file entry20.cif (mmCIF, N, CA and C atoms)
data_final
loop_
_atom_site.label_atom_id
_atom_site.label_comp_id
_atom_site.auth_asym_id
_atom_site.auth_seq_id
_atom_site.Cartn_x
_atom_site.Cartn_y
_atom_site.Cartn_z
N GLU E 1 8.63 5.01 7.07
CA GLU E 1 8.46 4.00 8.10
C GLU E 1 9.77 3.36 8.50
N ASP E 2 10.61 3.07 7.53
CA ASP E 2 11.80 2.29 7.84
C ASP E 2 13.07 2.97 7.37
N ALA E 3 13.07 3.56 6.21
CA ALA E 3 14.28 4.20 5.69
C ALA E 3 14.27 5.70 6.01
N ASN E 4 15.42 6.32 5.82
CA ASN E 4 15.55 7.75 6.10
C ASN E 4 14.54 8.56 5.30
N GLY E 5 13.90 9.51 5.96
CA GLY E 5 12.98 10.43 5.29
C GLY E 5 11.62 9.86 4.96
N GLN E 6 11.33 8.67 5.43
CA GLN E 6 10.02 8.07 5.14
C GLN E 6 9.09 8.25 6.33
N PHE E 7 7.82 8.36 6.05
CA PHE E 7 6.82 8.39 7.10
C PHE E 7 5.53 7.80 6.56
N GLU E 8 4.66 7.45 7.46
CA GLU E 8 3.38 6.87 7.07
C GLU E 8 2.29 7.90 7.28
N MET E 9 1.52 8.13 6.25
CA MET E 9 0.40 9.07 6.32
C MET E 9 -0.88 8.26 6.28
N ASN E 10 -1.74 8.51 7.22
CA ASN E 10 -3.01 7.78 7.29
C ASN E 10 -4.17 8.76 7.23
N TRP E 11 -5.21 8.37 6.55
CA TRP E 11 -6.45 9.11 6.61
C TRP E 11 -7.59 8.11 6.71
N GLU E 12 -8.72 8.60 7.18
CA GLU E 12 -9.86 7.71 7.39
C GLU E 12 -10.37 7.15 6.06
N TYR E 13 -10.78 5.92 6.09
CA TYR E 13 -11.28 5.25 4.90
C TYR E 13 -12.53 5.95 4.36
N ASP E 14 -12.76 5.74 3.09
CA ASP E 14 -13.95 6.26 2.42
C ASP E 14 -14.15 5.43 1.17
N ASN E 15 -15.02 5.85 0.28
CA ASN E 15 -15.20 5.08 -0.95
C ASN E 15 -13.95 5.23 -1.82
N ALA E 16 -13.84 4.39 -2.82
CA ALA E 16 -12.61 4.31 -3.62
C ALA E 16 -12.27 5.62 -4.32
N LEU E 17 -13.24 6.31 -4.89
CA LEU E 17 -12.95 7.53 -5.63
C LEU E 17 -12.46 8.64 -4.71
N ILE E 18 -13.10 8.82 -3.57
CA ILE E 18 -12.65 9.84 -2.61
C ILE E 18 -11.25 9.51 -2.11
N THR E 19 -10.99 8.25 -1.83
CA THR E 19 -9.66 7.84 -1.35
C THR E 19 -8.61 8.08 -2.43
N ALA E 20 -8.92 7.76 -3.68
CA ALA E 20 -7.98 8.01 -4.78
C ALA E 20 -7.71 9.50 -4.93
N ASP E 21 -8.74 10.34 -4.80
CA ASP E 21 -8.55 11.78 -4.87
C ASP E 21 -7.66 12.27 -3.73
N ARG E 22 -7.87 11.75 -2.54
CA ARG E 22 -7.04 12.14 -1.40
C ARG E 22 -5.58 11.77 -1.64
N HIS E 23 -5.37 10.59 -2.19
CA HIS E 23 -4.02 10.12 -2.47
C HIS E 23 -3.33 11.04 -3.48
N ALA E 24 -4.02 11.35 -4.57
CA ALA E 24 -3.44 12.22 -5.60
C ALA E 24 -3.17 13.62 -5.04
N PHE E 25 -4.12 14.16 -4.29
CA PHE E 25 -3.95 15.50 -3.72
C PHE E 25 -2.80 15.51 -2.71
N PHE E 26 -2.70 14.48 -1.90
CA PHE E 26 -1.63 14.41 -0.91
C PHE E 26 -0.26 14.48 -1.58
N LYS E 27 -0.06 13.70 -2.64
CA LYS E 27 1.22 13.72 -3.33
C LYS E 27 1.51 15.10 -3.92
N TYR E 28 0.50 15.72 -4.52
CA TYR E 28 0.67 17.06 -5.09
C TYR E 28 1.02 18.06 -4.00
N MET E 29 0.30 18.00 -2.88
CA MET E 29 0.50 18.93 -1.77
C MET E 29 1.92 18.80 -1.21
N VAL E 30 2.37 17.58 -0.96
CA VAL E 30 3.71 17.37 -0.40
C VAL E 30 4.78 17.91 -1.35
N LYS E 31 4.65 17.63 -2.63
CA LYS E 31 5.64 18.13 -3.59
C LYS E 31 5.63 19.65 -3.66
N ALA E 32 4.45 20.27 -3.63
CA ALA E 32 4.35 21.73 -3.70
C ALA E 32 4.95 22.38 -2.45
N ILE E 33 4.68 21.85 -1.29
CA ILE E 33 5.23 22.42 -0.05
C ILE E 33 6.75 22.24 -0.01
N ALA E 34 7.23 21.08 -0.43
CA ALA E 34 8.68 20.86 -0.46
C ALA E 34 9.35 21.85 -1.40
N GLU E 35 8.77 22.04 -2.58
CA GLU E 35 9.35 22.96 -3.56
C GLU E 35 9.38 24.39 -3.01
N LYS E 36 8.33 24.79 -2.30
CA LYS E 36 8.26 26.12 -1.70
C LYS E 36 9.43 26.36 -0.74
N HIS E 37 9.92 25.30 -0.13
CA HIS E 37 11.02 25.41 0.84
C HIS E 37 12.37 25.00 0.24
N GLY E 38 12.42 24.92 -1.09
CA GLY E 38 13.68 24.60 -1.76
C GLY E 38 14.07 23.13 -1.65
N LEU E 39 13.12 22.27 -1.38
CA LEU E 39 13.38 20.84 -1.24
C LEU E 39 12.68 20.08 -2.35
N ARG E 40 12.99 18.81 -2.44
CA ARG E 40 12.32 17.96 -3.42
C ARG E 40 11.77 16.74 -2.71
N ALA E 41 10.48 16.50 -2.87
CA ALA E 41 9.85 15.30 -2.32
C ALA E 41 9.70 14.29 -3.45
N THR E 42 9.98 13.05 -3.14
CA THR E 42 9.82 12.01 -4.14
C THR E 42 9.00 10.87 -3.58
N PHE E 43 8.22 10.28 -4.44
CA PHE E 43 7.48 9.08 -4.08
C PHE E 43 8.02 7.91 -4.89
N MET E 44 9.26 8.06 -5.33
CA MET E 44 9.92 7.01 -6.10
C MET E 44 9.97 5.74 -5.25
N PRO E 45 9.54 4.61 -5.81
CA PRO E 45 9.42 3.39 -5.04
C PRO E 45 10.73 2.85 -4.45
N LYS E 46 11.83 2.96 -5.17
CA LYS E 46 13.09 2.38 -4.69
C LYS E 46 14.24 3.30 -5.05
N PRO E 47 14.37 4.46 -4.35
CA PRO E 47 15.41 5.40 -4.74
C PRO E 47 16.83 4.95 -4.42
N PHE E 48 17.01 4.09 -3.41
CA PHE E 48 18.35 3.66 -3.02
C PHE E 48 18.38 2.14 -2.92
N ILE E 49 19.32 1.50 -3.59
CA ILE E 49 19.39 0.04 -3.63
C ILE E 49 19.61 -0.56 -2.25
N ASP E 50 20.33 0.14 -1.36
CA ASP E 50 20.67 -0.44 -0.06
C ASP E 50 19.71 -0.04 1.06
N LEU E 51 18.70 0.75 0.74
CA LEU E 51 17.72 1.15 1.75
C LEU E 51 16.33 0.63 1.37
N THR E 52 15.49 0.52 2.36
CA THR E 52 14.12 0.10 2.12
C THR E 52 13.43 1.10 1.22
N GLY E 53 12.64 0.62 0.30
CA GLY E 53 11.94 1.50 -0.62
C GLY E 53 10.70 2.12 0.00
N ASN E 54 10.14 3.08 -0.72
CA ASN E 54 8.88 3.69 -0.32
C ASN E 54 7.74 2.76 -0.67
N GLY E 55 6.66 2.88 0.03
CA GLY E 55 5.53 2.01 -0.25
C GLY E 55 4.22 2.76 -0.20
N CYS E 56 3.20 2.09 -0.59
CA CYS E 56 1.84 2.63 -0.49
C CYS E 56 0.93 1.43 -0.28
N HIS E 57 0.65 1.13 0.97
CA HIS E 57 -0.21 -0.01 1.22
C HIS E 57 -1.63 0.45 1.52
N MET E 58 -2.54 -0.45 1.32
CA MET E 58 -3.95 -0.14 1.50
C MET E 58 -4.59 -1.16 2.42
N HIS E 59 -5.56 -0.72 3.15
CA HIS E 59 -6.43 -1.60 3.92
C HIS E 59 -7.77 -1.58 3.20
N VAL E 60 -8.26 -2.75 2.85
CA VAL E 60 -9.46 -2.83 2.01
C VAL E 60 -10.58 -3.52 2.78
N SER E 61 -11.78 -2.99 2.62
CA SER E 61 -12.95 -3.63 3.23
C SER E 61 -14.12 -3.52 2.26
N LEU E 62 -15.12 -4.32 2.50
CA LEU E 62 -16.33 -4.33 1.67
C LEU E 62 -17.51 -4.08 2.60
N TRP E 63 -18.29 -3.07 2.28
CA TRP E 63 -19.41 -2.69 3.14
C TRP E 63 -20.73 -2.97 2.42
N ARG E 64 -21.66 -3.52 3.16
CA ARG E 64 -23.00 -3.81 2.63
C ARG E 64 -24.02 -3.38 3.69
N ASP E 65 -24.93 -2.52 3.29
CA ASP E 65 -25.98 -2.03 4.20
C ASP E 65 -25.40 -1.45 5.49
N GLY E 66 -24.31 -0.70 5.37
CA GLY E 66 -23.71 -0.02 6.51
C GLY E 66 -22.87 -0.90 7.43
N ALA E 67 -22.64 -2.15 7.04
CA ALA E 67 -21.85 -3.06 7.89
C ALA E 67 -20.69 -3.64 7.08
N ASN E 68 -19.59 -3.92 7.76
CA ASN E 68 -18.43 -4.53 7.13
C ASN E 68 -18.77 -5.97 6.76
N ALA E 69 -18.83 -6.24 5.47
CA ALA E 69 -19.21 -7.58 4.99
C ALA E 69 -18.13 -8.62 5.26
N PHE E 70 -16.91 -8.19 5.55
CA PHE E 70 -15.83 -9.13 5.85
C PHE E 70 -15.89 -9.62 7.30
N ASP E 71 -16.63 -8.94 8.14
CA ASP E 71 -16.68 -9.23 9.56
C ASP E 71 -17.71 -10.30 9.88
N ASP E 72 -17.28 -11.35 10.59
CA ASP E 72 -18.20 -12.39 11.05
C ASP E 72 -17.59 -13.03 12.30
N ALA E 73 -18.12 -12.65 13.44
CA ALA E 73 -17.59 -13.13 14.73
C ALA E 73 -17.56 -14.64 14.82
N SER E 74 -18.45 -15.34 14.12
CA SER E 74 -18.49 -16.79 14.20
C SER E 74 -17.57 -17.47 13.17
N GLY E 75 -17.00 -16.68 12.26
CA GLY E 75 -16.13 -17.25 11.22
C GLY E 75 -14.70 -17.43 11.71
N ASP E 76 -13.92 -18.19 10.93
CA ASP E 76 -12.49 -18.36 11.25
C ASP E 76 -11.83 -16.99 11.30
N LEU E 77 -11.08 -16.74 12.35
CA LEU E 77 -10.38 -15.47 12.55
C LEU E 77 -11.34 -14.27 12.55
N GLY E 78 -12.63 -14.52 12.77
CA GLY E 78 -13.61 -13.44 12.80
C GLY E 78 -13.98 -12.91 11.43
N MET E 79 -13.64 -13.68 10.39
CA MET E 79 -13.89 -13.22 9.03
C MET E 79 -14.98 -14.04 8.36
N ALA E 80 -15.78 -13.36 7.54
CA ALA E 80 -16.85 -14.00 6.78
C ALA E 80 -16.29 -14.74 5.57
N ALA E 81 -17.06 -15.66 5.06
CA ALA E 81 -16.64 -16.42 3.87
C ALA E 81 -16.33 -15.50 2.70
N ILE E 82 -17.10 -14.41 2.55
CA ILE E 82 -16.85 -13.49 1.43
C ILE E 82 -15.46 -12.86 1.53
N ALA E 83 -14.94 -12.68 2.74
CA ALA E 83 -13.60 -12.13 2.91
C ALA E 83 -12.56 -13.09 2.33
N TYR E 84 -12.73 -14.37 2.60
CA TYR E 84 -11.79 -15.36 2.05
C TYR E 84 -11.90 -15.46 0.53
N HIS E 85 -13.11 -15.32 0.01
CA HIS E 85 -13.28 -15.30 -1.45
C HIS E 85 -12.58 -14.08 -2.05
N PHE E 86 -12.69 -12.94 -1.37
CA PHE E 86 -12.02 -11.72 -1.82
C PHE E 86 -10.51 -11.93 -1.83
N ILE E 87 -9.97 -12.46 -0.75
CA ILE E 87 -8.53 -12.72 -0.66
C ILE E 87 -8.11 -13.68 -1.78
N GLY E 88 -8.90 -14.71 -2.00
CA GLY E 88 -8.59 -15.66 -3.08
C GLY E 88 -8.56 -14.98 -4.44
N GLY E 89 -9.50 -14.06 -4.66
CA GLY E 89 -9.52 -13.32 -5.93
C GLY E 89 -8.30 -12.44 -6.09
N VAL E 90 -7.88 -11.79 -5.03
CA VAL E 90 -6.68 -10.95 -5.09
C VAL E 90 -5.46 -11.82 -5.39
N ILE E 91 -5.36 -12.96 -4.73
CA ILE E 91 -4.23 -13.87 -4.97
C ILE E 91 -4.24 -14.36 -6.42
N ARG E 92 -5.41 -14.76 -6.91
CA ARG E 92 -5.50 -15.27 -8.28
C ARG E 92 -5.13 -14.19 -9.30
N GLU E 93 -5.53 -12.96 -9.04
CA GLU E 93 -5.32 -11.87 -9.99
C GLU E 93 -4.08 -11.03 -9.70
N ALA E 94 -3.25 -11.46 -8.75
CA ALA E 94 -2.07 -10.67 -8.35
C ALA E 94 -1.19 -10.26 -9.53
N PRO E 95 -0.88 -11.16 -10.47
CA PRO E 95 -0.04 -10.71 -11.59
C PRO E 95 -0.68 -9.56 -12.38
N ALA E 96 -1.97 -9.60 -12.59
CA ALA E 96 -2.64 -8.52 -13.33
C ALA E 96 -2.73 -7.25 -12.48
N ILE E 97 -2.93 -7.40 -11.19
CA ILE E 97 -3.02 -6.24 -10.29
C ILE E 97 -1.72 -5.47 -10.30
N CYS E 98 -0.60 -6.16 -10.54
CA CYS E 98 0.71 -5.49 -10.58
C CYS E 98 0.74 -4.38 -11.63
N ALA E 99 -0.06 -4.48 -12.68
CA ALA E 99 -0.09 -3.43 -13.70
C ALA E 99 -0.60 -2.12 -13.11
N LEU E 100 -1.44 -2.20 -12.08
CA LEU E 100 -1.96 -0.98 -11.42
C LEU E 100 -1.10 -0.56 -10.23
N THR E 101 -0.62 -1.53 -9.48
CA THR E 101 0.11 -1.20 -8.26
C THR E 101 1.60 -0.95 -8.49
N ASN E 102 2.09 -1.23 -9.68
CA ASN E 102 3.49 -0.99 -10.03
C ASN E 102 3.54 -0.18 -11.33
N PRO E 103 3.24 1.11 -11.26
CA PRO E 103 3.09 1.90 -12.48
C PRO E 103 4.40 2.31 -13.16
N SER E 104 5.54 2.01 -12.55
CA SER E 104 6.81 2.42 -13.16
C SER E 104 7.84 1.29 -13.07
N VAL E 105 8.92 1.46 -13.81
CA VAL E 105 10.00 0.48 -13.78
C VAL E 105 10.53 0.32 -12.36
N ASN E 106 10.68 1.44 -11.66
CA ASN E 106 11.20 1.37 -10.30
C ASN E 106 10.25 0.65 -9.35
N SER E 107 8.97 0.66 -9.66
CA SER E 107 8.02 -0.11 -8.86
C SER E 107 8.34 -1.60 -8.98
N TYR E 108 8.62 -2.04 -10.18
CA TYR E 108 8.93 -3.46 -10.39
C TYR E 108 10.24 -3.85 -9.72
N LYS E 109 11.15 -2.88 -9.53
CA LYS E 109 12.40 -3.17 -8.83
C LYS E 109 12.15 -3.55 -7.38
N ARG E 110 11.01 -3.17 -6.84
CA ARG E 110 10.67 -3.51 -5.45
C ARG E 110 10.32 -4.98 -5.31
N ILE E 111 9.77 -5.57 -6.36
CA ILE E 111 9.35 -6.97 -6.27
C ILE E 111 10.60 -7.84 -6.15
N ASN E 112 10.62 -8.68 -5.14
CA ASN E 112 11.77 -9.54 -4.84
C ASN E 112 13.04 -8.75 -4.61
N ALA E 113 12.90 -7.54 -4.05
CA ALA E 113 14.07 -6.72 -3.74
C ALA E 113 14.94 -7.41 -2.70
N PRO E 114 16.27 -7.22 -2.75
CA PRO E 114 17.13 -7.83 -1.74
C PRO E 114 16.88 -7.21 -0.37
N ARG E 115 17.17 -7.96 0.66
CA ARG E 115 17.00 -7.44 2.03
C ARG E 115 17.92 -6.24 2.25
N THR E 116 17.45 -5.33 3.07
CA THR E 116 18.22 -4.12 3.38
C THR E 116 18.88 -4.27 4.74
N ILE E 117 19.57 -3.24 5.18
CA ILE E 117 20.26 -3.27 6.47
C ILE E 117 19.29 -3.61 7.59
N SER E 118 18.07 -3.11 7.51
CA SER E 118 17.07 -3.38 8.55
C SER E 118 16.55 -4.81 8.49
N GLY E 119 16.80 -5.48 7.37
CA GLY E 119 16.31 -6.86 7.20
C GLY E 119 14.95 -6.95 6.57
N ALA E 120 14.32 -5.82 6.29
CA ALA E 120 12.98 -5.82 5.71
C ALA E 120 13.00 -5.20 4.32
N THR E 121 12.19 -5.71 3.44
CA THR E 121 12.05 -5.10 2.12
C THR E 121 10.76 -4.30 2.04
N TRP E 122 9.76 -4.66 2.83
CA TRP E 122 8.44 -4.06 2.78
C TRP E 122 7.89 -4.06 1.36
N ALA E 123 8.31 -5.03 0.58
CA ALA E 123 7.84 -5.16 -0.79
C ALA E 123 7.46 -6.62 -1.04
N PRO E 124 6.55 -6.85 -1.97
CA PRO E 124 6.13 -8.22 -2.22
C PRO E 124 7.26 -9.09 -2.75
N ASN E 125 7.37 -10.29 -2.21
CA ASN E 125 8.32 -11.25 -2.78
C ASN E 125 7.64 -12.57 -3.11
N THR E 126 6.42 -12.75 -2.68
CA THR E 126 5.62 -13.92 -3.04
C THR E 126 4.14 -13.52 -3.03
N VAL E 127 3.33 -14.33 -3.67
CA VAL E 127 1.88 -14.12 -3.62
C VAL E 127 1.35 -15.12 -2.60
N THR E 128 1.05 -14.62 -1.41
CA THR E 128 0.63 -15.48 -0.31
C THR E 128 -0.45 -14.78 0.51
N TYR E 129 -1.04 -15.55 1.41
CA TYR E 129 -1.96 -14.98 2.40
C TYR E 129 -1.49 -15.43 3.77
N THR E 130 -1.40 -14.48 4.68
CA THR E 130 -1.06 -14.76 6.06
C THR E 130 -1.54 -13.61 6.93
N GLY E 131 -1.58 -13.81 8.19
CA GLY E 131 -2.08 -12.78 9.09
C GLY E 131 -1.17 -11.57 9.22
N ASN E 132 0.17 -11.75 9.11
CA ASN E 132 1.05 -10.61 9.33
C ASN E 132 2.37 -10.75 8.58
N ASN E 133 2.33 -11.11 7.32
CA ASN E 133 3.53 -11.19 6.51
C ASN E 133 3.59 -9.91 5.70
N ARG E 134 4.45 -9.00 6.09
CA ARG E 134 4.51 -7.69 5.42
C ARG E 134 5.19 -7.74 4.06
N THR E 135 5.73 -8.88 3.65
CA THR E 135 6.33 -8.96 2.34
C THR E 135 5.43 -9.69 1.38
#
call {"tool": "encode", "arguments": {"input": "entry20.cif", "output": "C-alpha coordinates"}}
result
Amino acid sequence: EDANGQFEMNWEYDNALITADRHAFFKYMVKAIAEKHGLRATFMPKPFIDLTGNGCHMHVSLWRDGANAFDDASGDLGMAAIAYHFIGGVIREAPAICALTNPSVNSYKRINAPRTISGATWAPNTVTYTGNNRT
(Lines of atoms letter the chains of each structure in order from A and count residues from 1; the text may use other names and numbers.)
(Lines give C-alpha, C1' and ligand atoms only; values in the text may rest on other atoms or scores of the structure.)
Protein backbone atom coordinates (compact mmCIF):
# COMPACT_ATOMS: atom_id res chain seq x y z
CA GLU A 1 0.00 0.00 0.00
CA ASP A 2 2.62 2.51 0.97
CA ALA A 3 6.14 1.10 0.85
CA ASN A 4 7.99 -0.47 -2.08
CA GLY A 5 6.72 -3.91 -3.05
CA GLN A 6 3.57 -3.76 -0.94
CA PHE A 7 0.05 -4.28 -2.16
CA GLU A 8 -3.35 -4.85 -0.66
CA MET A 9 -5.13 -8.11 -1.30
CA ASN A 10 -8.86 -8.23 -0.66
CA TRP A 11 -11.29 -11.08 -0.70
CA GLU A 12 -14.96 -11.23 0.14
CA TYR A 13 -15.83 -11.69 3.79
CA ASP A 14 -16.95 -15.03 5.16
CA ASN A 15 -17.00 -16.77 8.52
CA ALA A 16 -13.84 -16.64 10.63
CA LEU A 17 -12.54 -20.14 9.84
CA ILE A 18 -12.90 -19.79 6.06
CA THR A 19 -11.26 -16.35 6.20
CA ALA A 20 -8.37 -17.70 8.30
CA ASP A 21 -7.90 -20.55 5.80
CA ARG A 22 -7.86 -18.07 2.91
CA HIS A 23 -5.27 -15.97 4.71
CA ALA A 24 -2.98 -18.95 5.38
CA PHE A 25 -3.37 -20.28 1.83
CA PHE A 26 -2.71 -16.85 0.32
CA LYS A 27 0.60 -16.51 2.17
CA TYR A 28 1.64 -20.04 1.15
CA MET A 29 0.64 -19.42 -2.48
CA VAL A 30 2.53 -16.12 -2.74
CA LYS A 31 5.70 -17.61 -1.26
CA ALA A 32 5.50 -20.68 -3.54
CA ILE A 33 5.00 -18.61 -6.70
CA ALA A 34 7.81 -16.23 -5.74
CA GLU A 35 10.17 -19.16 -5.11
CA LYS A 36 9.25 -20.69 -8.49
CA HIS A 37 10.49 -17.47 -10.12
CA GLY A 38 13.67 -17.24 -8.05
CA LEU A 39 12.27 -14.54 -5.76
CA ARG A 40 11.49 -14.37 -2.08
CA ALA A 41 8.20 -13.06 -0.70
CA THR A 42 8.08 -11.93 2.89
CA PHE A 43 5.26 -10.99 5.17
CA MET A 44 7.70 -9.67 7.74
CA PRO A 45 5.93 -6.84 9.58
CA LYS A 46 8.78 -4.29 9.59
CA PRO A 47 11.60 -5.30 7.24
CA PHE A 48 13.08 -1.79 6.89
CA ILE A 49 13.34 0.76 9.71
CA ASP A 50 12.93 3.75 7.37
CA LEU A 51 9.99 2.40 5.34
CA THR A 52 6.41 1.69 6.25
CA GLY A 53 5.93 -1.85 7.47
CA ASN A 54 3.65 -4.53 6.10
CA GLY A 55 0.25 -4.89 7.64
CA CYS A 56 -2.75 -7.12 7.83
CA HIS A 57 -5.91 -5.27 8.71
CA MET A 58 -9.35 -6.73 9.06
CA HIS A 59 -12.87 -5.45 8.68
CA VAL A 60 -15.09 -7.12 11.25
CA SER A 61 -18.85 -7.46 11.37
CA LEU A 62 -21.39 -9.44 13.37
CA TRP A 63 -24.28 -11.08 11.57
CA ARG A 64 -27.53 -12.25 13.14
CA ASP A 65 -30.34 -13.89 11.16
CA GLY A 66 -28.76 -12.85 7.85
CA ALA A 67 -28.42 -9.16 8.77
CA ASN A 68 -25.47 -7.06 9.91
CA ALA A 69 -26.06 -6.63 13.65
CA PHE A 70 -23.81 -3.54 13.70
CA ASP A 71 -26.07 -1.68 11.26
CA ASP A 72 -28.79 0.62 12.61
CA ALA A 73 -29.90 3.54 10.45
CA SER A 74 -31.40 5.29 13.48
CA GLY A 75 -28.24 4.92 15.62
CA ASP A 76 -25.32 7.33 15.93
CA LEU A 77 -23.26 7.12 12.74
CA GLY A 78 -25.71 4.43 11.54
CA MET A 79 -24.39 1.95 14.08
CA ALA A 80 -26.30 -0.19 16.58
CA ALA A 81 -25.56 -0.17 20.29
CA ILE A 82 -24.04 -3.66 19.99
CA ALA A 83 -21.42 -2.23 17.60
CA TYR A 84 -20.29 0.25 20.24
CA HIS A 85 -20.19 -2.51 22.86
CA PHE A 86 -18.04 -4.56 20.47
CA ILE A 87 -15.67 -1.62 19.92
CA GLY A 88 -15.49 -1.10 23.69
CA GLY A 89 -14.59 -4.75 24.18
CA VAL A 90 -11.83 -4.56 21.59
CA ILE A 91 -10.44 -1.42 23.24
CA ARG A 92 -10.59 -3.00 26.71
CA GLU A 93 -8.90 -6.20 25.53
CA ALA A 94 -6.39 -4.57 23.14
CA PRO A 95 -3.32 -5.51 25.20
CA ALA A 96 -4.37 -9.18 25.21
CA ILE A 97 -5.35 -9.11 21.53
CA CYS A 98 -1.75 -8.09 20.75
CA ALA A 99 -0.70 -11.66 21.62
CA LEU A 100 -2.65 -12.82 18.53
CA THR A 101 -2.14 -9.88 16.20
CA ASN A 102 1.60 -9.53 16.89
CA PRO A 103 2.94 -13.08 16.65
CA SER A 104 6.63 -12.14 16.31
CA VAL A 105 9.21 -9.75 17.72
CA ASN A 106 9.10 -7.76 14.49
CA SER A 107 5.35 -7.37 14.89
CA TYR A 108 5.93 -5.60 18.20
CA LYS A 109 8.44 -3.31 16.48
CA ARG A 110 5.49 -1.89 14.53
CA ILE A 111 3.79 -0.64 17.69
CA ASN A 112 4.70 3.01 18.18
CA ALA A 113 7.00 2.81 15.15
CA PRO A 114 8.63 6.12 14.14
CA ARG A 115 7.11 8.01 11.23
CA THR A 116 8.47 7.12 7.81
CA ILE A 117 9.25 9.28 4.78
CA SER A 118 5.58 9.13 3.78
CA GLY A 119 4.58 10.33 7.25
CA ALA A 120 2.50 7.25 7.99
CA THR A 121 3.28 4.24 10.13
CA TRP A 122 0.09 2.28 9.39
CA ALA A 123 0.71 0.66 12.75
CA PRO A 124 -0.99 1.11 16.10
CA ASN A 125 0.41 3.80 18.34
CA THR A 126 -2.53 4.22 20.71
CA VAL A 127 -5.65 2.32 21.72
CA THR A 128 -8.41 4.60 20.48
CA TYR A 129 -11.65 4.67 18.54
CA THR A 130 -12.27 7.08 15.69
CA GLY A 131 -13.88 7.06 12.29
CA ASN A 132 -10.68 7.16 10.23
CA ASN A 133 -7.50 7.02 12.32
CA ARG A 134 -5.34 4.48 10.53
CA THR A 135 -2.81 4.36 13.36
call {"tool": "axis_aligned_box", "arguments": {"input": "entry20.cif", "around": "segment 105-111 of chain E", "padding_each_side": "6 Å", "output": "JSON"}}
result
{"center_x": 10.2, "center_y": -3.2, "center_z": -9.6, "size_x": 16.4, "size_y": 21.3, "size_z": 20.5}
call {"tool": "select_by_dssp", "arguments": {"input": "entry20.cif", "residues": "segment 7-128 of chain E", "states": "strand (DSSP E or B)", "output": "list in words"}}
result
Trp63, Arg64, Ala67, Asn68, Asp71 and Met79 of chain E
call {"tool": "atom_distance", "arguments": {"input": "entry20.cif", "atom1": "atom N of Ala69 of chain E", "atom2": "atom CA of His85 of chain E"}}
result
12.7 Å
call {"tool": "resolve_selection", "arguments": {"input": "entry20.cif", "expression": "the PyMOL selection byres ((chain E and resi 42) around 8)", "output": "short mmCIF file (atom, residue, chain, number, x, y, z; two decimals) with N, CA and C atoms, in the frame of the given file"}}
result
data_model
loop_
_atom_site.label_atom_id
_atom_site.label_comp_id
_atom_site.auth_asym_id
_atom_site.auth_seq_id
_atom_site.Cartn_x
_atom_site.Cartn_y
_atom_site.Cartn_z
N VAL E 30 2.37 17.58 -0.96
CA VAL E 30 3.71 17.37 -0.40
C VAL E 30 4.78 17.91 -1.35
N LYS E 31 4.65 17.63 -2.63
CA LYS E 31 5.64 18.13 -3.59
C LYS E 31 5.63 19.65 -3.66
N LEU E 39 13.12 22.27 -1.38
CA LEU E 39 13.38 20.84 -1.24
C LEU E 39 12.68 20.08 -2.35
N ARG E 40 12.99 18.81 -2.44
CA ARG E 40 12.32 17.96 -3.42
C ARG E 40 11.77 16.74 -2.71
N ALA E 41 10.48 16.50 -2.87
CA ALA E 41 9.85 15.30 -2.32
C ALA E 41 9.70 14.29 -3.45
N PHE E 43 8.22 10.28 -4.44
CA PHE E 43 7.48 9.08 -4.08
C PHE E 43 8.02 7.91 -4.89
N MET E 44 9.26 8.06 -5.33
CA MET E 44 9.92 7.01 -6.10
C MET E 44 9.97 5.74 -5.25
N PRO E 45 9.54 4.61 -5.81
CA PRO E 45 9.42 3.39 -5.04
C PRO E 45 10.73 2.85 -4.45
N ASN E 54 10.14 3.08 -0.72
CA ASN E 54 8.88 3.69 -0.32
C ASN E 54 7.74 2.76 -0.67
#
call {"tool": "select_by_dssp", "arguments": {"input": "entry20.cif", "residues": "chain E", "states": "alpha helix (DSSP H)", "output": "VMD selection string"}}
result
chain E and resid 16 to 36 81 to 92 94 to 101 105 to 110
call {"tool": "atom_distance", "arguments": {"input": "entry20.cif", "atom1": "atom CA of Arg64 of chain E", "atom2": "atom CA of Ala81 of chain E"}}
result
14.2 Å
call {"tool": "atom_distance", "arguments": {"input": "entry20.cif", "atom1": "atom C of Phe7 of chain E", "atom2": "atom C of His57 of chain E"}}
result
11.4 Å
call {"tool": "closest_residue", "arguments": {"input": "entry20.cif", "among": "E:Ile87, E:Leu17, E:Ala96, E:Ala80", "to": "Val60 of chain E", "atoms": "only C-alpha atoms"}}
result
E:Ile87
call {"tool": "closest_residue", "arguments": {"input": "entry20.cif", "among": "E:Asn132, E:Asn4, E:Asn125, E:Ser107", "to": "Thr52 of chain E", "atoms": "all atoms listed in the file"}}
result
E:Asn4
call {"tool": "residues_near_point", "arguments": {"input": "entry20.cif", "point": "(-14.7, -9.7, 3.6)", "cutoff": "6 Å", "atoms": "only N, CA and C atoms", "output": "ChimeraX atom specification"}}
result
/E:62,69-71,80,82-84
call {"tool": "closest_residue", "arguments": {"input": "entry20.cif", "among": "E:Ser104, E:Ser61, E:Thr126, E:Ser74", "to": "Phe86 of chain E", "atoms": "only C-alpha atoms"}}
result
E:Ser61
